[in-house]
Each structure stands twice: as structure tokens, then as C-alpha cells.
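**Q** Below is one structure. I have some questions about it.
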Amino acid sequence: MKWVTYAEHLHDLNIIKDLGSSEVILGHKDFSRFGHLNDESFEKMCTRAKELGLRVIFEWDILMTETIFKNCSHQISKFLGMFDVLRVQDPGALQWVIENTKHPVQFIAENGNHNLTGLKRWEEYIGGRLDRLVLSIELTRDSLKHYLSELQAPCEILGLGRVLLFYTPRHLLSPLLSEKVEINSSLAAVGESEESPHKGFPLVENKHGTFMFHMKDFCLLDHHSDLREFGLNTLRLDFRWSDLALLKEVKSLLSKSDESLFKQFKEIYPQDLMRGFYLVNKTDVLFPKLKNSRLQQREGNFLGEVIEVEKGEYLAIQVKNKKGIHLSDELKIIHPKGKEFVVKIYSLKNCASENIEFAPENSLCLIQFVGGVWVKSQVFLND
Amino acid sequence: MSSFIPEVLAPAGSLEKLKVAVLYGANAVYVGGQKFGLRTAAENFTLDELRDGVLFAHERNAKVYVVLNSFLHDRDLLELPDFIRFLEEIRVDAVIVSDLGVIESVKKFSNIPIHLSTQASSLNIESAKLWKMMGVSRIVLGREVSIADAGLIKKEAQIEIEMFIHGSMCMAYSGNCVISNFTQGRDSNRGGCAHSCRFEYSIDFKDLDVEKKKAYFMSSKDLEAVRLLPDFIDHKIDSLKIEGRMKSPLYAATMSRVYSEALSYYRSHGNFLSDDLVHWERELRKVSHRAYTQASLVHEAGADSIFNERENSDETEWAIAGTVLEVSPKAGIIIEVRNAFNIGDEIEIIPFKGEIIKLVINEMMDLMKRPVTRTKPTTLVCLPYDSRVLPLNLVRMRARG
């Protein structure tokens, strides 16, 4: 299993080379969400990386509306000879790269790609040009294991670094400052909300928009043996907000399975660490509690809903089924809290208080009062 | 005069809202089943209701699109084929999807047209071309795209384009926000969004010598673009989408009525008069909303697109009074009361077409024909018969301070 990281300065390249990597990710400020390099520094970095024998991965991970896209696709041509691989997330960038370059492609499938069918289709579409698929950190250990055994392409996952929670092209921090902020500069802040159980979200605003991160960094370093065994090709290590000097410790962590080393690493790492959903992802288990399931049972013998209760006099039912309601039908009425009432209809009237034998779909009807039944109770034919 | 008129696509969180939206003029509605959509807390449709809804809409020349726009996991895909076959059997007009796995499943198990959800954040021509190759026939563009760029995307990619014209907006690129996932344990892209972007945050610019700022800095104003209808028409945007499956029947009614009326006027006259635009804007302000913005439809959304206020600080002067359930000369107008109103109050009954019916209530009764002076929510009340009023008309009134 390889590792890859970002270089932001010339001397970073030496550290990366010395610690044994064969490649590096470079972020140009116009293409990469958090890239700092301008044309000149990017060219210098590429030249130096080549001298060191490092394969250069050009990160083009911003999302782009048409105007920005046109600028980027126009501007990128001058860099095409400088790097070896392109890394993209926007499907438009992917399409453009496939049609207009011959470079190998690394596709970032971190958002919205949580099933194997979709990932395989990306793999098929990009074909022989696919150098690597970057998978989501929301995948569990079991999913990762499965995917890595099924996908042909080499895969990468974040092994250490910030977790991006939110990405907007709008500039949200600078309007809070009274002094005007230069559009190309970067603003950093920390956000806290009393309405959230978590505190201290790092925030960044730059020319590409505003970004919010989790207060804890993501770390799977203590699971590196698993990942190696599953066949992961590359582990991404992101020190852009910590310290590349920590790479040395990470490198030794990855070469052994020693719990005490990981404990030591956690102590020196500047942020708290988490493993996210690696062991289990239960982010849909709360969904059934978001609504009253008893109000959702409208299949089968469902006839309608109680919409008014006049104590001692009647229940008004809105008929919502083609079957309608007949005098002498036996009904099962389910209270929103779940209590069931079985009643035989002996009084059926329309809204003009006329006795009727049958109430059709979409009509209102009144039946005799039934104690304990509330508005919104669901009405079924009892069989 | 332009012969091209976009479709008005309204949200329908329930069968009642579907009927309301269609009767008030929507050309199409989008709905969710009990699974696979992004509005887990919405009532949503049972299979029977989906069947009935499609029938109801088709009988009135309206289309029904079903959302499958949750980011589905492998186990969800196992359950999906049966649902897709059912949707094809009941002849839904399209499904709205976000990820490639779902696209592949829909193609494998049906011939239902596929619309790409805004969740996929498709923003440019090349992206549209790629999704078209994947089998998508329409793209719901990201809300960051301008109308002019959308027109260009349609022309260059030769694909149907749908754009949001009204409603709440994600501040983030759709599908690129996972705050709820990591802070609340609820997957925002599978229907569990906790709306963390609407919270108030205290912002500490640590490197700057400024005081901490308290702000709703991630909360977006709502989109409203009735004045931009000529631009949508000029750029031949196929479908104008209204957000809000969780919103009330009054919202579904007002939005469908205003936007379809405005487009219908344009079809006949080829332009808008400023008095009419003012009237439609006034109508749109009669439903609950945050402050309005045109977001990025003309220019990139700026600082003035940030809502920066507490939720529920709505200052709308109008509220729903109820829904008309039955009308007959014998029974009168039966209204299901949602907000209490009294004898002497003025209410407005909104017909499907034509002038708003303004009534001062002089007489009302319960179903036992006893006089009522003050109504209560979740009760039924009868008003005197009026032949202009029809079942499923919505009733509004001035909100009580």
C-alpha cells in the first residue's frame, strides 16, 4: 500500500521524497480548493518534483459553473506538459480531461458514490485512462473490503486529515468583517453553535468559496493493516492544516502494527482524531423516528382519515379509497398513538346530515361517535 | 411572441398536495415514495397513492416525476428494482436520480426517462454531456448556475434543462454537505438533513483583531424569480421547479397558481406588464418564506443572498385558514379549519383560476347546523354556498399578530 500527500513548498518535496513516496499532489490556486501555488511557484514545484523523480498529480477538484469552467479549461493547457496525472471531481472536468488530454485520470468519487454499481460504471466509463478512484470516507470497513475486491482500478482513501463538511461557492465569512477583504486572499475562522452538540468547526473562505470542516481530523492509521490486506492501493495523508514534519511518525506507524506507536502519535497530533463511519455507518437508523409510522400505514384496506371528532355526536371521515365506506362496514380505526378501535357503522350521514348507505371516495361522511378516537386517526376496513 | 413556454413543476409531499398543485395549474409535480427520496420526514406516497396520483395528474394533462434522489447504498439498490418496475407499470413520466448506481438500475429494469437531480451538482456543459451519455434525458442544474449559462448548457449539450425558480435553497453545493452526517448521525444526502446551515454560529477570526461575530452566516435567503420569467423563456429552459415537498397545501396552491398564471399570461401577450408582476410578487409574499433573493440566476450570489436571521422569524402577513373539502347547495362550503377564524373576519378563497374570492364571514355553522362564532383548528365548519368555490380550494386570512 502506497501513501500520497500534498506539497505546498519546495522543501516539502524533499521530505516526501526522503520518506519514500513516488508521487505528490500539487494544488494550483485556480484549480484546487485549497491550493496556494501560483503559475510560477507551480512550475517550480513541478520542475523540482521531476528532478526528484516524483510523479506529479495535478489537483483540479473545484466544482465549476460554466464561466469558471471555461477559464480553467483554457488556462490548464499551459500546464499540461508539467504534470503526470490529473485528479478531478466535477464530472465536467472529467469529461473535458478525457476528451482533451492523454493524461491518466484520478477520479474523486468521495461524494454521492456509495454503491458498487455506480463505482463500477465510473470505472467502465473512464476505462484505461483511470489511474485511481478516490473513495468516500463514509464507507464502512465492510463496504471498503467488498469494493476493493470487486473494483479493477487502484483505489485511494483519506488516511489522515481534515473532514470537509460543507462547500459553497458563496463568500460567507468576509461579509462579517467591516473591512473589505481581497477576493484572492484566504480567511480562516472557527465556528461554534449552541444548536450543535459539537464546537469549534474550522472555517475557510478563499476565492473558491467557503468551506467548513469537522473539529476532529479523520484517521485510519490504526487500521492500516486492514486496508493493506483489503488491497487498498493508496492512503492519502493530508497535512495541509497540521505539519508535514509529522509524516515521519506516520511513516513509521505504517510500517508496523504497534498500538503504542499510535497512542504516541495521537498525543503529538495537533487535533483530536476520529475514524468516522469506518466501523459502522448508522446514519439512516433515525429515519423511521422522523415521522409517525402509524400515520404512514395507508396501504391495503385503508379507507380514510378522521378529520373531526365531535364528542358524543360523530366522527367525520374523509374517504380516501375507491372502495368508499358502506353502512354496516366494520372499521378498524388506528389512533395516532397506536391504539386500535373496531367499530361497526350503524349511522352513516353526509355533510348535509342526510342518512346515506354509501360514502364514495373523496367525500366526507359522518359516523357515530367513538370515544378515544382523535383527529388524524387512520380508518381501515376490518377484515 | 414566444411559442416556447416552460413547464411549471410543483412539489407534492402528499396526494392532497399533488391534487392541489395540479388543480392550481402545475404542469408537472414531483413526489416521493416511502423510500429512496430526500424528504424522510415528509408524508410521502404509498404505492396506492402513487397510482392514484399518476392517474389524477394524467387525466388533467400533468406529469408526475418520482424522486429517487437519495444517495443509495448497496442494500437500497437491492430493493430498488421492484419499485422501478412498479413505477413503470403505473406510467410515471420520469424519475429524478442523483447517482450513477441508480441510473444504471433504472436503465436495467425499465425505460422510464431519467432526470438528474440537483443533488449531483451538474454545473457546466461538459458535465451535462457526460450525464447525457450516462442515459439522463434532463438535468436539474445546480442552483449556482445562471439562466444564461443554463441556456448555453441546453444548446451545447442538447439536453432538457430544469432550474429552480422558487423556494428554500441549500447554501452548499447540493450533495456536497455532510454536516448532519458527522454531527447528528443523520445522513443529509439520504433524507436526514438537520438543517445545520440554519443555526446561529459564533465566528472567531482567530488571526484577526476583531471581536467574535454571531451570525446565521450559512443560511440562504429563499429563491424567488417571477421577474425573471422572460429570461427563462428566452433561454428556453424546459422546466421551472418549485422547491418544497414539506411545505403546506397553501404553498403548493399559491406557487402553482402564480407561476402558471404568469406563464399563461405571457403565452397570450408575449410580455409582462409591471402591474401584473407586482400582483404576482404580492401573491408570492402571502405564503410563509424567508427573505427572497434571485441567488445566482443573473449574477453570482453575493452577501445579500445570506438570510442571517433566526428561523421562524417569518413576517408573512397571511396564513392558511383551511381547505375546502366539499361544496354543495345543501351542505354549503365545508372547510377543514387549519387556523382559527371568527365571525366578522375577512378570508380569501383562492379559486383554481380567476379572481380571488374575498369574503367577510357573517354566518357559519358546524356540521350539525349549529351557529359557530369562533372556529378551532382541526374542526369542520360550513359557510353559505357559493358556486365559485370548489373542493380543494385553499382559504387564507391575515395572520393574527
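Following the order of the C-alpha cells, chains are lettered A, B, ..., residues in each are numbered from 1, and ligands are numbered from 1.
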Using DSSP on the backbone, list every residue of range 179-370 of chain B that comes out as strand (DSSP E or B), and give them as JSON, numbers by chain.
**A** {"B": [201, 202, 203, 204, 213, 214, 215, 220, 222, 223, 224, 239, 240, 241, 242, 292, 293, 306, 318, 319, 320, 321, 322, 323, 324, 325, 326, 327, 328, 332, 333, 334, 335, 336, 337, 342, 346, 347, 348, 349, 350, 357, 358, 359, 360, 365]}
**Q** Please provide the set of residues having any atom within 8 Å of range 394-401 of chain B, restricted to only C-alpha atoms, with same-chain residues fewer than 3 positions apart removed, written as an MDAnalysis selection string.
**A** chainID B and resid 249:250 253 316:324 346:351
**Q** With all heavy atoms kept, could you save the residues just selected as a short mmCIF file (atom, residue, chain, number, x, y, z; two decimals), in the first residue's frame?
**A**
data_model
loop_
_atom_site.label_atom_id
_atom_site.label_comp_id
_atom_site.auth_asym_id
_atom_site.auth_seq_id
_atom_site.Cartn_x
_atom_site.Cartn_y
_atom_site.Cartn_z
N PRO B 249 -50.19 22.78 1.81
CA PRO B 249 -51.02 22.83 0.60
C PRO B 249 -51.21 24.27 0.10
O PRO B 249 -51.27 24.50 -1.11
CB PRO B 249 -52.36 22.24 1.05
CG PRO B 249 -52.01 21.35 2.21
CD PRO B 249 -50.87 22.04 2.90
N LEU B 250 -51.27 25.24 1.02
CA LEU B 250 -51.41 26.64 0.59
C LEU B 250 -50.21 27.06 -0.24
O LEU B 250 -50.34 27.77 -1.26
CB LEU B 250 -51.55 27.57 1.81
CG LEU B 250 -51.65 29.06 1.49
CD1 LEU B 250 -52.91 29.37 0.68
CD2 LEU B 250 -51.63 29.91 2.75
N ALA B 253 -50.46 25.44 -3.64
CA ALA B 253 -51.51 26.11 -4.41
C ALA B 253 -51.02 27.46 -4.93
O ALA B 253 -51.16 27.78 -6.12
CB ALA B 253 -52.74 26.31 -3.54
N THR B 316 -44.50 36.99 7.27
CA THR B 316 -45.60 36.90 6.32
C THR B 316 -46.89 37.33 7.01
O THR B 316 -47.17 36.90 8.12
CB THR B 316 -45.74 35.46 5.80
OG1 THR B 316 -44.46 35.02 5.41
CG2 THR B 316 -46.70 35.40 4.65
N GLU B 317 -47.66 38.15 6.32
CA GLU B 317 -48.88 38.67 6.95
C GLU B 317 -50.08 37.77 6.75
O GLU B 317 -51.15 38.05 7.26
CB GLU B 317 -49.16 40.07 6.40
CG GLU B 317 -48.13 41.08 6.87
CD GLU B 317 -48.37 42.45 6.26
OE1 GLU B 317 -49.29 42.57 5.43
OE2 GLU B 317 -47.63 43.37 6.61
N TRP B 318 -49.89 36.69 5.98
CA TRP B 318 -51.01 35.83 5.68
C TRP B 318 -50.77 34.41 6.18
O TRP B 318 -49.64 33.95 6.25
CB TRP B 318 -51.27 35.80 4.18
CG TRP B 318 -51.78 37.12 3.68
CD1 TRP B 318 -51.03 38.24 3.45
CD2 TRP B 318 -53.12 37.48 3.43
NE1 TRP B 318 -51.83 39.27 3.04
CE2 TRP B 318 -53.14 38.84 3.01
CE3 TRP B 318 -54.35 36.80 3.50
CZ2 TRP B 318 -54.30 39.51 2.68
CZ3 TRP B 318 -55.51 37.47 3.15
CH2 TRP B 318 -55.47 38.82 2.76
N ALA B 319 -51.85 33.73 6.52
CA ALA B 319 -51.74 32.35 6.99
C ALA B 319 -52.85 31.53 6.36
O ALA B 319 -53.88 32.08 5.93
CB ALA B 319 -51.89 32.31 8.51
N ILE B 320 -52.65 30.24 6.32
CA ILE B 320 -53.72 29.38 5.82
C ILE B 320 -54.87 29.38 6.83
O ILE B 320 -54.64 29.31 8.04
CB ILE B 320 -53.21 27.95 5.54
CG1 ILE B 320 -54.30 27.10 4.90
CG2 ILE B 320 -52.67 27.29 6.79
CD1 ILE B 320 -53.82 25.79 4.31
N ALA B 321 -56.09 29.47 6.34
CA ALA B 321 -57.27 29.35 7.22
C ALA B 321 -57.79 27.93 7.14
O ALA B 321 -58.23 27.35 8.15
CB ALA B 321 -58.35 30.34 6.79
N GLY B 322 -57.76 27.34 5.95
CA GLY B 322 -58.24 25.97 5.83
C GLY B 322 -58.32 25.52 4.38
O GLY B 322 -57.90 26.23 3.47
N THR B 323 -58.86 24.33 4.21
CA THR B 323 -59.02 23.76 2.88
C THR B 323 -60.50 23.44 2.67
O THR B 323 -61.15 22.88 3.56
CB THR B 323 -58.23 22.44 2.75
OG1 THR B 323 -56.88 22.69 3.12
CG2 THR B 323 -58.27 21.88 1.35
N VAL B 324 -61.02 23.79 1.50
CA VAL B 324 -62.41 23.44 1.18
C VAL B 324 -62.47 21.94 0.87
O VAL B 324 -61.73 21.47 -0.01
CB VAL B 324 -62.92 24.25 -0.03
CG1 VAL B 324 -64.32 23.78 -0.43
CG2 VAL B 324 -62.91 25.73 0.29
N GLU B 346 -62.25 38.61 7.68
CA GLU B 346 -62.23 38.53 6.20
C GLU B 346 -61.31 37.38 5.81
O GLU B 346 -60.20 37.27 6.32
CB GLU B 346 -61.71 39.83 5.59
CG GLU B 346 -61.83 39.81 4.08
CD GLU B 346 -61.36 41.10 3.41
OE1 GLU B 346 -60.15 41.35 3.41
OE2 GLU B 346 -62.20 41.83 2.88
N ILE B 347 -61.81 36.52 4.96
CA ILE B 347 -60.99 35.44 4.44
C ILE B 347 -60.91 35.57 2.92
O ILE B 347 -61.72 36.28 2.31
CB ILE B 347 -61.54 34.04 4.82
CG1 ILE B 347 -62.97 33.87 4.31
CG2 ILE B 347 -61.44 33.77 6.31
CD1 ILE B 347 -63.50 32.45 4.40
N GLU B 348 -59.93 34.89 2.35
CA GLU B 348 -59.81 34.87 0.89
C GLU B 348 -59.81 33.42 0.43
O GLU B 348 -58.99 32.62 0.88
CB GLU B 348 -58.51 35.55 0.45
CG GLU B 348 -58.50 37.04 0.72
CD GLU B 348 -57.29 37.76 0.10
OE1 GLU B 348 -56.38 37.09 -0.43
OE2 GLU B 348 -57.29 39.00 0.17
N ILE B 349 -60.78 33.11 -0.42
CA ILE B 349 -60.80 31.76 -1.00
C ILE B 349 -60.11 31.86 -2.36
O ILE B 349 -60.44 32.72 -3.18
CB ILE B 349 -62.24 31.24 -1.13
CG1 ILE B 349 -62.89 31.17 0.26
CG2 ILE B 349 -62.25 29.85 -1.80
CD1 ILE B 349 -64.32 30.69 0.28
N ILE B 350 -59.14 30.98 -2.54
CA ILE B 350 -58.33 31.05 -3.77
C ILE B 350 -58.89 30.05 -4.78
O ILE B 350 -58.77 28.84 -4.60
CB ILE B 350 -56.85 30.71 -3.47
CG1 ILE B 350 -56.35 31.54 -2.29
CG2 ILE B 350 -55.99 30.94 -4.70
CD1 ILE B 350 -55.00 31.08 -1.75
N PRO B 351 -59.52 30.56 -5.85
CA PRO B 351 -60.06 29.62 -6.85
C PRO B 351 -58.91 29.07 -7.71
O PRO B 351 -57.81 29.62 -7.71
CB PRO B 351 -60.98 30.50 -7.69
CG PRO B 351 -60.41 31.86 -7.58
CD PRO B 351 -59.74 31.95 -6.24
#
**Q** I'd like to know which of A:Val370, A:Val342, A:Cys219, A:Leu381 is closest to Arg298 in chain A, using only C-alpha atoms.
**A**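 Closest to Arg298 in chain A of all the choices is A:Leu381.
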**Q** So, with only C-alpha atoms as the atoms that count, which of A:Gly324, A:Gly231, A:Gly53, A:Gly300 lies closest to chain B?
**A**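 Looking at the shortest contact to chain B, the residue is A:Gly300.
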**Q** Could you give me, as a PyMOL selection string, the residues within 10 Å of range 259-265 of chain B, counting only C-alpha atoms and dropping anything in the same chain fewer than 2 positions from it?
**A** chain B and resi 5-10+24-27+165-166+225-227+229-230+233+240+242+254-257+267-273+276-277+280+284+353-354
